[in-house]
Amino acid sequence: MSAELKTGAAAEAVGRAPDREAGGRRPAAWFSRAVLRNGPLGGLAALVVVMAALSKDFLNGQNLLNVGVQASVTAILAFGVTFVIVSAGIDLSVGSVAGLAATVVAWAATGQGLPVWIAVLLGLAVGAGSGLLSGALVAYGKLPAFIATLAMLSVGRGLALVISGGSPIPFPASVSRLGDTLGGWLPVPVLVMIGMGLVAALILARTYAGRAMFAIGGNEEAARLSGIHVKRRKLVIYALSGLFAAVAGIVLAARLTSAQPQAATGYELDAIAAVVIGGASLSGGSGKASGTLIGALILAVLRNGLNLLSVSAFWQQVATGLVIALAVLLDTLRRRSTR
Amino acid sequence: MTGVNDDVPDGIPDSAPADVPGRAPDDVPDGRELLRVEGVTKSFPGVRALDGVDLSLRRGEVHVLLGENGAGKSTLIKMLSGAHRPDQGRILAAGPDVPAAGPDVPATGPDVPATGPDVPATGPDRPEAGPTTKSTPRLGAKPTTRPGTRPGGDLREVHIRSAQDAERLGIATIYQEFTLVPGLTVAENLFLGRQPRTRLGLIDKKTMRARAAELLRRVRLDVSPDTPVAELGIARLQMVEIAKALSLDARVLIMDEPTAVLTSEEVSTLFGIVRELRDAGVGILFITHHLEEIGALGDRVTVLRDGRSVAQVPASTGEDELIRLMVGRDIAEQYPRQRPDRPGPPLLRVRGLTRHGRGTGPVFQDVDFEVRAGEVVGLAGLVGAGRTEVARAVFGVDPYDAGTVEIDGERLARGDVRAAMRAGLGLVPEDRKGQGLVLDASLQDNLTLARLTRDTRGGLVDRGAQRRRAATVAEQLKVRMSGLAQSARTLSGGNQQKIVIGKWLLADTRLLILDEPTRGIDVGAKVEIYQLINELTASGRAVLMISSDLPEVLGMSDRVLVMSQGRLAGELTAEEATQDAVMELALHTAHGTDRGTAHGTDRGAGRRNHTDKSAMEGSDVR
């Protein structure tokens, strides 16, 4: 699938070059056609072309790195959510869990004076533990995933506020380097995003855990009758989502150099949007880490581009919503035409 | 296929209709045609479900649709209710402007003399001889016809695209799976979507209840309109469905095996209602596998075989004749079973397996049997006899309350699919698409799903090995596919089933449980699956085959176990197993206790003891 998409996109790019002028006359039609044929990657390419045409500052190296940094937290959260969505679940708690994990790291290191590595491990454990709890509610408590993770959303945010007393805690300096750059230009969050993306891709494509996610999401009963321990698998899936959320929270806090209890509020919706724009189906059984990355980049490019064009923040929200709807609509059409 | 005699003659020619002795259909009511199907065909990927079907339904008749599983009955009724559309051919129906016959119209009974050329012959010339033109003088001559009802001639071609279209044409269908909303009351279900309103636009509960009560009286159902549907048993659900069809003023009522789940008493109530409806002028298309019901209730019978309507005969036709028309081919050739010289050592041994049900009785009780290496053991019985439930319990999908399951003499953990798989069990479930396959996943992923654990080293799945194994087994099973990356959804039913079986071959299964392995599969693919079963058993593996297709059970099994109402009613060797013998056992306790033999009384006593015991256990818990 990935190979198909990539070669398809490459062939399209080559074949398209001569009649760029023809397409240029009607950018809207060209845009939708590109998306329709190539899926998320085509959409991203089209969006980049449109933004580059509208703003001179967009295609500048520094700006593109900024886009990467802006995409990083959403992308890392979204990688975790991809696991859940592939298995036909949903995780609304990742934003809260990210905030909680960052708060725990800061509290342990700055407040309690624990060694930084222990504080980080504690933060990651809290993230994974929160996911485990959601997973247990879903698998053993038979709660709908929507409800279980909605509860965790509230609990996580509440605990972050309780631990921090409602005010930001300074982040330990050594961890804050995660928000810096390497060699003065390469942002570490982008590296973390790429690393987590590779891990997510490996999990999805090559591990038992990943293949079981696809089976459970495609047909839970068939998976169960083929000897997959669906309940145990769900624990792992939600725990992974929580773990990725914790990493995202730490990266976010590192960029801000402080853990804010209200950080990452509402990010779960961006993460879900990124996964869905990336071609995953909310009914489960399909989804890819590369798609999710592209989904996160589409959201970041859109925000960055609209900022450069000085579009008001209010209109940006409208535009983001439209792009989400359009992306999924086109993806649905594309799938229907190829089936 | 009930009560079927075993002396089915071999090699019935396809021109069967012509062979039917020229019976005057004197027991066919002489009503106006309500519905006609002409030369309808319908293909699904890989299967030709219908291949030129003709059918005619008149007012005031019970028309039985008869055929083996997979003969095309369901496809035909789905077409009439708007779920499928024909590829070719026409469906004609009486116009919706024609009023439904009310109870004030005298019954058009068999007393009307059938005279001369007006009576349609039950020959192959029937479709050509337009019944429309013939029916005109006949109906006109009848004094009982209500004035204002235009006689004949108003049959016109219709396109039934949706359930709403069918409803407008006065066609109501009662499926085997009910379409009631469990959380709503009987009255709310009866008027779902068309509740009577008050002047303010609110739902007029009083009127709704009164009208519901009236409908319930008509079907002689003694429940309050306010009863939640979830509290009703299956027989009463059936009656509510019929009441709903009545409330729609249906002129055509299609009933898909309505008696499959009913006791003999409930069946006679149902028959009473059906007769009343018939006398009121409703045309009823009745699907049943119970041949004895045809003579008791039906007027005419249309026999479907392999998607073709092979004959239309009066309901008084003998059972042997009906079977001949229905099966129409040599069973021996279709079921290429090579029986082993002698079976190997016992592989699976089930002892006293019992699962208590919620309320009405045990799901299954005291089930004892064994399956030996190299054997095909058939598990026959009516739908709902507990066969699937036993299979699922043995495979560890569902728990059981008492008894043991042993493989090679070692006791198997209860409710543990993984343990059952390790011991060498595999289950090909009845619901292929819902439980057997991950439809949108690739064939490779589907084939290797049951051995995913074994293909994993240090958390990583060996995709290369998976691909090689999947390719090998797909070739061995001759799966017709474009490649292993193809999604399972796009395969035909037969090839999908091969994928599910292939999954278990790759998991090194020694005892394969097949639940309705050939349901909805065309004849060619069926034979391939039978050959596969032969290969499996020849290599020392064993097969436990659940099937409602009686010829298949008889043709393929080395031994036949028959279940009835959750119990093992008996075991038959291949020589003893005839359709009669199997049905005798299957109906053992299902339709009343009047057939009670010494054996049956024994089991009845056993059941009482068990009920007492479980009641006692229940009180202990409390």
# chains A, B, ... in the order shown; residues from 1 in each chain; ligands from 1
call {"tool": "residues_around", "arguments": {"residues": "Pro346 of chain B", "least_positions_apart": "4", "cutoff": "7 Å", "atoms": "only C-alpha atoms", "output": "JSON, numbers by chain"}}
result
{"B": [370, 371, 372, 373, 408]}
call {"tool": "residues_around", "arguments": {"residues": "segment 234-238 of chain A", "least_positions_apart": "5", "cutoff": "8 Å", "atoms": "only C-alpha atoms", "output": "list in words"}}
result
Phe83, Val84, Asp91, Ala128, Gly131, Leu132, Leu133, Ser134, Gly135, Ala136, Val138, Ala139, Ala209 and Met213 of chain A
call {"tool": "residues_around", "arguments": {"residues": "segment 34-38 of chain B", "least_positions_apart": "3", "cutoff": "6 Å", "atoms": "only C-alpha atoms", "output": "ChimeraX atom specification"}}
result
/B:54-59,89-94
call {"tool": "residues_around", "arguments": {"residues": "Phe58 of chain A", "least_positions_apart": "2", "cutoff": "12 Å", "atoms": "only C-alpha atoms", "output": "PDB file with N, CA and C atoms, in the first residue's frame"}}
result
ATOM      1  N   LEU A  47      -1.170  21.447  -0.916  1.00  0.00           N
ATOM      2  CA  LEU A  47      -1.260  22.519   0.073  1.00  0.00           C
ATOM      3  C   LEU A  47       0.039  23.315   0.110  1.00  0.00           C
ATOM      4  N   VAL A  48       1.174  22.617   0.053  1.00  0.00           N
ATOM      5  CA  VAL A  48       2.476  23.279   0.068  1.00  0.00           C
ATOM      6  C   VAL A  48       2.604  24.186  -1.152  1.00  0.00           C
ATOM      7  N   VAL A  49       2.203  23.670  -2.317  1.00  0.00           N
ATOM      8  CA  VAL A  49       2.293  24.465  -3.550  1.00  0.00           C
ATOM      9  C   VAL A  49       1.440  25.725  -3.424  1.00  0.00           C
ATOM     10  N   VAL A  50       0.202  25.546  -2.921  1.00  0.00           N
ATOM     11  CA  VAL A  50      -0.702  26.694  -2.800  1.00  0.00           C
ATOM     12  C   VAL A  50      -0.108  27.727  -1.840  1.00  0.00           C
ATOM     13  N   MET A  51       0.414  27.258  -0.686  1.00  0.00           N
ATOM     14  CA  MET A  51       0.964  28.183   0.304  1.00  0.00           C
ATOM     15  C   MET A  51       2.199  28.891  -0.247  1.00  0.00           C
ATOM     16  N   ALA A  52       3.022  28.131  -0.990  1.00  0.00           N
ATOM     17  CA  ALA A  52       4.235  28.726  -1.556  1.00  0.00           C
ATOM     18  C   ALA A  52       3.867  29.805  -2.568  1.00  0.00           C
ATOM     19  N   ALA A  53       2.789  29.559  -3.311  1.00  0.00           N
ATOM     20  CA  ALA A  53       2.360  30.536  -4.313  1.00  0.00           C
ATOM     21  C   ALA A  53       1.810  31.794  -3.654  1.00  0.00           C
ATOM     22  N   LEU A  54       1.131  31.607  -2.507  1.00  0.00           N
ATOM     23  CA  LEU A  54       0.468  32.751  -1.880  1.00  0.00           C
ATOM     24  C   LEU A  54       1.404  33.553  -0.984  1.00  0.00           C
ATOM     25  N   SER A  55       2.454  32.883  -0.437  1.00  0.00           N
ATOM     26  CA  SER A  55       3.333  33.613   0.479  1.00  0.00           C
ATOM     27  C   SER A  55       4.786  33.329   0.138  1.00  0.00           C
ATOM     28  N   LYS A  56       5.551  34.404  -0.024  1.00  0.00           N
ATOM     29  CA  LYS A  56       6.968  34.246  -0.373  1.00  0.00           C
ATOM     30  C   LYS A  56       7.763  33.640   0.773  1.00  0.00           C
ATOM     31  N   ASN A  60      10.761  28.896   2.900  1.00  0.00           N
ATOM     32  CA  ASN A  60      12.057  29.264   3.415  1.00  0.00           C
ATOM     33  C   ASN A  60      12.439  28.201   4.436  1.00  0.00           C
ATOM     34  N   GLY A  61      13.718  27.804   4.432  1.00  0.00           N
ATOM     35  CA  GLY A  61      14.168  26.689   5.258  1.00  0.00           C
ATOM     36  C   GLY A  61      13.762  26.828   6.716  1.00  0.00           C
ATOM     37  N   GLN A  62      13.988  28.003   7.259  1.00  0.00           N
ATOM     38  CA  GLN A  62      13.669  28.217   8.670  1.00  0.00           C
ATOM     39  C   GLN A  62      12.172  28.020   8.915  1.00  0.00           C
ATOM     40  N   ASN A  63      11.357  28.524   7.993  1.00  0.00           N
ATOM     41  CA  ASN A  63       9.910  28.396   8.169  1.00  0.00           C
ATOM     42  C   ASN A  63       9.483  26.934   8.107  1.00  0.00           C
ATOM     43  N   LEU A  64      10.108  26.205   7.191  1.00  0.00           N
ATOM     44  CA  LEU A  64       9.723  24.788   7.071  1.00  0.00           C
ATOM     45  C   LEU A  64      10.082  24.033   8.344  1.00  0.00           C
ATOM     46  N   LEU A  65      11.232  24.382   8.944  1.00  0.00           N
ATOM     47  CA  LEU A  65      11.585  23.749  10.214  1.00  0.00           C
ATOM     48  C   LEU A  65      10.574  24.128  11.298  1.00  0.00           C
ATOM     49  N   ASN A  66      10.117  25.377  11.237  1.00  0.00           N
ATOM     50  CA  ASN A  66       9.073  25.806  12.172  1.00  0.00           C
ATOM     51  C   ASN A  66       7.826  24.952  12.020  1.00  0.00           C
ATOM     52  N   VAL A  67       7.459  24.695  10.761  1.00  0.00           N
ATOM     53  CA  VAL A  67       6.296  23.842  10.514  1.00  0.00           C
ATOM     54  C   VAL A  67       6.513  22.486  11.172  1.00  0.00           C
ATOM     55  N   VAL A 301       1.031  22.835   8.274  1.00  0.00           N
ATOM     56  CA  VAL A 301       1.250  23.699   7.103  1.00  0.00           C
ATOM     57  C   VAL A 301       0.104  24.700   6.977  1.00  0.00           C
ATOM     58  N   LEU A 302      -1.095  24.200   7.169  1.00  0.00           N
ATOM     59  CA  LEU A 302      -2.260  25.067   7.046  1.00  0.00           C
ATOM     60  C   LEU A 302      -2.183  26.213   8.058  1.00  0.00           C
ATOM     61  N   ARG A 303      -1.885  25.867   9.319  1.00  0.00           N
ATOM     62  CA  ARG A 303      -1.843  26.912  10.356  1.00  0.00           C
ATOM     63  C   ARG A 303      -0.718  27.893  10.083  1.00  0.00           C
ATOM     64  N   ASN A 304       0.450  27.327   9.760  1.00  0.00           N
ATOM     65  CA  ASN A 304       1.612  28.174   9.497  1.00  0.00           C
ATOM     66  C   ASN A 304       1.328  29.097   8.310  1.00  0.00           C
ATOM     67  N   GLY A 305       0.799  28.528   7.250  1.00  0.00           N
ATOM     68  CA  GLY A 305       0.538  29.317   6.042  1.00  0.00           C
ATOM     69  C   GLY A 305      -0.469  30.415   6.315  1.00  0.00           C
ATOM     70  N   LEU A 306      -1.517  30.093   7.021  1.00  0.00           N
ATOM     71  CA  LEU A 306      -2.541  31.093   7.303  1.00  0.00           C
ATOM     72  C   LEU A 306      -1.984  32.183   8.209  1.00  0.00           C
ATOM     73  N   ASN A 307      -1.069  31.799   9.103  1.00  0.00           N
ATOM     74  CA  ASN A 307      -0.405  32.805   9.937  1.00  0.00           C
ATOM     75  C   ASN A 307       0.399  33.762   9.076  1.00  0.00           C
ATOM     76  N   LEU A 308       1.164  33.175   8.126  1.00  0.00           N
ATOM     77  CA  LEU A 308       1.984  34.003   7.245  1.00  0.00           C
ATOM     78  C   LEU A 308       1.106  34.948   6.433  1.00  0.00           C
ATOM     79  N   LEU A 309      -0.092  34.475   6.096  1.00  0.00           N
ATOM     80  CA  LEU A 309      -0.998  35.303   5.296  1.00  0.00           C
ATOM     81  C   LEU A 309      -1.795  36.249   6.176  1.00  0.00           C
TER      82      LEU A 309
END
call {"tool": "closest_atom_pairs", "arguments": {"of": "chain A", "to": "chain B", "cutoff": "6 Å", "atoms": "only C-alpha atoms", "output": "CSV"}}
result
residue,atom,partner,partner_atom,distance
A:Arg206,CA,B:Val461,CA,5.3
A:Thr207,CA,B:Leu460,CA,4.3
A:Tyr208,CA,B:Gly459,CA,5.8
A:Gly218,CA,B:Val438,CA,5.3
A:Asn219,CA,B:Val438,CA,5.1
A:Glu221,CA,B:Gln435,CA,5.3
A:Ala222,CA,B:Gln435,CA,4.3
A:Ser226,CA,B:Ala450,CA,4.7
A:Gly227,CA,B:Arg418,CA,4.9
call {"tool": "residues_around", "arguments": {"residues": "Pro172 of chain A", "least_positions_apart": "5", "cutoff": "7 Å", "atoms": "only C-alpha atoms", "output": "PDB file with N, CA and C atoms, in the first residue's frame"}}
result
ATOM      1  N   ALA A 106       7.985  17.391  35.885  1.00  0.00           N
ATOM      2  CA  ALA A 106       8.431  18.646  36.500  1.00  0.00           C
ATOM      3  C   ALA A 106       8.311  18.586  38.021  1.00  0.00           C
ATOM      4  N   ALA A 109      11.094  16.219  39.384  1.00  0.00           N
ATOM      5  CA  ALA A 109      12.459  16.732  39.271  1.00  0.00           C
ATOM      6  C   ALA A 109      12.622  18.051  40.015  1.00  0.00           C
ATOM      7  N   THR A 110      11.755  18.989  39.717  1.00  0.00           N
ATOM      8  CA  THR A 110      11.894  20.322  40.306  1.00  0.00           C
ATOM      9  C   THR A 110      11.358  20.359  41.734  1.00  0.00           C
TER      10      THR A 110
END
call {"tool": "residues_around", "arguments": {"residues": "segment 178-194 of chain A", "least_positions_apart": "4", "cutoff": "7 Å", "atoms": "only C-alpha atoms", "output": "VMD selection string"}}
result
chain A and resid 68 to 69 72 75 to 76 198 251 254 to 255
call {"tool": "write_last_selection", "arguments": {"atoms": "N, CA and C atoms", "output": "PDB file, in the first residue's frame"}}
result
ATOM      1  N   GLY A  68       7.734  21.953  11.013  1.00  0.00           N
ATOM      2  CA  GLY A  68       8.063  20.663  11.619  1.00  0.00           C
ATOM      3  C   GLY A  68       7.888  20.696  13.128  1.00  0.00           C
ATOM      4  N   VAL A  69       8.408  21.787  13.749  1.00  0.00           N
ATOM      5  CA  VAL A  69       8.277  21.902  15.209  1.00  0.00           C
ATOM      6  C   VAL A  69       6.810  21.991  15.596  1.00  0.00           C
ATOM      7  N   SER A  72       5.237  18.649  15.493  1.00  0.00           N
ATOM      8  CA  SER A  72       5.826  17.536  16.249  1.00  0.00           C
ATOM      9  C   SER A  72       4.925  17.000  17.369  1.00  0.00           C
ATOM     10  N   ALA A  75       1.902  15.310  16.022  1.00  0.00           N
ATOM     11  CA  ALA A  75       2.245  14.059  15.336  1.00  0.00           C
ATOM     12  C   ALA A  75       2.533  12.949  16.339  1.00  0.00           C
ATOM     13  N   ILE A  76       3.307  13.263  17.393  1.00  0.00           N
ATOM     14  CA  ILE A  76       3.651  12.214  18.365  1.00  0.00           C
ATOM     15  C   ILE A  76       2.374  11.703  19.050  1.00  0.00           C
ATOM     16  N   LEU A 198       9.052   6.418  13.318  1.00  0.00           N
ATOM     17  CA  LEU A 198       9.661   5.158  12.878  1.00  0.00           C
ATOM     18  C   LEU A 198       9.262   4.019  13.813  1.00  0.00           C
ATOM     19  N   VAL A 251       7.921  16.673  25.335  1.00  0.00           N
ATOM     20  CA  VAL A 251       8.465  17.536  24.272  1.00  0.00           C
ATOM     21  C   VAL A 251       7.830  18.917  24.328  1.00  0.00           C
ATOM     22  N   ALA A 254       9.194  20.793  27.234  1.00  0.00           N
ATOM     23  CA  ALA A 254      10.581  21.164  26.983  1.00  0.00           C
ATOM     24  C   ALA A 254      10.641  22.417  26.116  1.00  0.00           C
ATOM     25  N   ARG A 255       9.742  22.504  25.127  1.00  0.00           N
ATOM     26  CA  ARG A 255       9.721  23.694  24.274  1.00  0.00           C
ATOM     27  C   ARG A 255       9.337  24.930  25.070  1.00  0.00           C
TER      28      ARG A 255
END
call {"tool": "select_by_dssp", "arguments": {"residues": "segment 174-364 of chain B", "states": "strand (DSSP E or B)", "output": "VMD selection string"}}
result
chain B and resid 174 185 197 203 228 252 to 256 283 to 287 300 to 305 308 to 314 346 to 355 364
call {"tool": "write_last_selection", "arguments": {"atoms": "C-alpha atoms", "output": "CSV table (one decimal), in the first residue's frame"}}
result
chain,number,residue,atom,x,y,z
B,174,ILE,CA,-41.1,-11.8,7.7
B,185,THR,CA,-43.0,-2.0,23.4
B,197,ARG,CA,-50.7,11.4,15.8
B,203,ILE,CA,-48.1,10.5,19.3
B,228,PRO,CA,-41.3,-4.6,25.8
B,252,VAL,CA,-48.5,-10.4,-0.3
B,253,LEU,CA,-47.0,-11.9,2.8
B,254,ILE,CA,-43.6,-13.6,2.5
B,255,MET,CA,-42.7,-15.9,5.3
B,256,ASP,CA,-39.1,-17.3,5.5
B,283,GLY,CA,-51.3,-14.2,-1.1
B,284,ILE,CA,-48.7,-16.0,1.0
B,285,LEU,CA,-45.3,-17.1,-0.1
B,286,PHE,CA,-44.2,-19.6,2.4
B,287,ILE,CA,-40.7,-21.0,2.7
B,300,ARG,CA,-49.2,-24.7,-4.9
B,301,VAL,CA,-45.5,-25.4,-4.7
B,302,THR,CA,-42.7,-23.9,-6.7
B,303,VAL,CA,-39.5,-25.9,-6.5
B,304,LEU,CA,-36.1,-24.1,-6.9
B,305,ARG,CA,-32.9,-26.0,-7.7
B,308,ARG,CA,-33.8,-22.2,-11.4
B,309,SER,CA,-37.5,-22.8,-10.9
B,310,VAL,CA,-37.7,-26.4,-12.0
B,311,ALA,CA,-41.3,-27.2,-11.3
B,312,GLN,CA,-44.6,-25.8,-10.2
B,313,VAL,CA,-46.8,-28.5,-8.7
B,314,PRO,CA,-49.9,-28.7,-6.5
B,346,PRO,CA,-9.8,-41.0,19.5
B,347,LEU,CA,-8.7,-37.4,19.0
B,348,LEU,CA,-11.4,-35.5,20.7
B,349,ARG,CA,-13.6,-36.7,23.5
B,350,VAL,CA,-16.4,-34.7,25.0
B,351,ARG,CA,-18.1,-35.9,28.1
B,352,GLY,CA,-21.2,-34.5,29.8
B,353,LEU,CA,-20.8,-31.1,28.3
B,354,THR,CA,-23.5,-28.8,29.7
B,355,ARG,CA,-24.3,-25.2,29.6
B,364,PHE,CA,-27.0,-27.8,25.7
call {"tool": "residues_around", "arguments": {"residues": "Gly295 of chain B", "least_positions_apart": "6", "cutoff": "12 Å", "atoms": "only C-alpha atoms", "output": "PyMOL selection string"}}
result
chain B and resi 27+62-64+271+288+301+313-319+322
call {"tool": "atom_distance", "arguments": {"atom1": "atom CA of Leu382 of chain B", "atom2": "atom CA of Gly307 of chain B"}}
result
23.6 Å
call {"tool": "atom_distance", "arguments": {"atom1": "atom CA of Ser548 of chain B", "atom2": "atom CA of Glu389 of chain B"}}
result
14.4 Å
call {"tool": "atom_distance", "arguments": {"atom1": "atom CA of Trp107 of chain A", "atom2": "atom CA of Pro261 of chain A"}}
result
10.9 Å
call {"tool": "closest_residue", "arguments": {"among": "A:Glu268, A:Leu322, A:Phe171, A:Ser93", "to": "Gly113 of chain A", "atoms": "only C-alpha atoms"}}
result
A:Phe171
call {"tool": "closest_residue", "arguments": {"among": "B:Ala586, B:Leu184, B:Leu291, B:Ala574", "to": "Glu68 of chain B", "atoms": "only C-alpha atoms"}}
result
B:Leu291
call {"tool": "select_by_dssp", "arguments": {"residues": "segment 49-270 of chain A", "states": "helix (DSSP H, G or I)", "output": "PyMOL selection string"}}
result
chain A and resi 49-54+61-86+94-111+116-139+145-164+173-179+188-206+208-218+220-225+230-256+267-270
call {"tool": "decode", "arguments": {"residues": "segment 46-65 of chain A", "atoms": "N, CA and C atoms", "output": "mmCIF file, in the first residue's frame"}}
result
data_model
loop_
_atom_site.group_PDB
_atom_site.id
_atom_site.type_symbol
_atom_site.label_atom_id
_atom_site.label_comp_id
_atom_site.auth_asym_id
_atom_site.auth_seq_id
_atom_site.Cartn_x
_atom_site.Cartn_y
_atom_site.Cartn_z
ATOM 1 N N ALA A 46 -0.137 19.482 -2.566
ATOM 2 C CA ALA A 46 -0.956 20.551 -3.135
ATOM 3 C C ALA A 46 -1.005 21.756 -2.195
ATOM 4 N N LEU A 47 -1.170 21.447 -0.916
ATOM 5 C CA LEU A 47 -1.260 22.519 0.073
ATOM 6 C C LEU A 47 0.039 23.315 0.110
ATOM 7 N N VAL A 48 1.174 22.617 0.053
ATOM 8 C CA VAL A 48 2.476 23.279 0.068
ATOM 9 C C VAL A 48 2.604 24.186 -1.152
ATOM 10 N N VAL A 49 2.203 23.670 -2.317
ATOM 11 C CA VAL A 49 2.293 24.465 -3.550
ATOM 12 C C VAL A 49 1.440 25.725 -3.424
ATOM 13 N N VAL A 50 0.202 25.546 -2.921
ATOM 14 C CA VAL A 50 -0.702 26.694 -2.800
ATOM 15 C C VAL A 50 -0.108 27.727 -1.840
ATOM 16 N N MET A 51 0.414 27.258 -0.686
ATOM 17 C CA MET A 51 0.964 28.183 0.304
ATOM 18 C C MET A 51 2.199 28.891 -0.247
ATOM 19 N N ALA A 52 3.022 28.131 -0.990
ATOM 20 C CA ALA A 52 4.235 28.726 -1.556
ATOM 21 C C ALA A 52 3.867 29.805 -2.568
ATOM 22 N N ALA A 53 2.789 29.559 -3.311
ATOM 23 C CA ALA A 53 2.360 30.536 -4.313
ATOM 24 C C ALA A 53 1.810 31.794 -3.654
ATOM 25 N N LEU A 54 1.131 31.607 -2.507
ATOM 26 C CA LEU A 54 0.468 32.751 -1.880
ATOM 27 C C LEU A 54 1.404 33.553 -0.984
ATOM 28 N N SER A 55 2.454 32.883 -0.437
ATOM 29 C CA SER A 55 3.333 33.613 0.479
ATOM 30 C C SER A 55 4.786 33.329 0.138
ATOM 31 N N LYS A 56 5.551 34.404 -0.024
ATOM 32 C CA LYS A 56 6.968 34.246 -0.373
ATOM 33 C C LYS A 56 7.763 33.640 0.773
ATOM 34 N N ASP A 57 7.293 33.876 2.000
ATOM 35 C CA ASP A 57 8.060 33.431 3.164
ATOM 36 C C ASP A 57 7.898 31.950 3.454
ATOM 37 N N PHE A 58 6.923 31.320 2.789
ATOM 38 C CA PHE A 58 6.597 29.947 3.193
ATOM 39 C C PHE A 58 7.725 28.959 2.901
ATOM 40 N N LEU A 59 8.237 28.993 1.674
ATOM 41 C CA LEU A 59 9.228 27.989 1.277
ATOM 42 C C LEU A 59 10.636 28.342 1.737
ATOM 43 N N ASN A 60 10.761 28.896 2.900
ATOM 44 C CA ASN A 60 12.057 29.264 3.415
ATOM 45 C C ASN A 60 12.439 28.201 4.436
ATOM 46 N N GLY A 61 13.718 27.804 4.432
ATOM 47 C CA GLY A 61 14.168 26.689 5.258
ATOM 48 C C GLY A 61 13.762 26.828 6.716
ATOM 49 N N GLN A 62 13.988 28.003 7.259
ATOM 50 C CA GLN A 62 13.669 28.217 8.670
ATOM 51 C C GLN A 62 12.172 28.020 8.915
ATOM 52 N N ASN A 63 11.357 28.524 7.993
ATOM 53 C CA ASN A 63 9.910 28.396 8.169
ATOM 54 C C ASN A 63 9.483 26.934 8.107
ATOM 55 N N LEU A 64 10.108 26.205 7.191
ATOM 56 C CA LEU A 64 9.723 24.788 7.071
ATOM 57 C C LEU A 64 10.082 24.033 8.344
ATOM 58 N N LEU A 65 11.232 24.382 8.944
ATOM 59 C CA LEU A 65 11.585 23.749 10.214
ATOM 60 C C LEU A 65 10.574 24.128 11.298
#
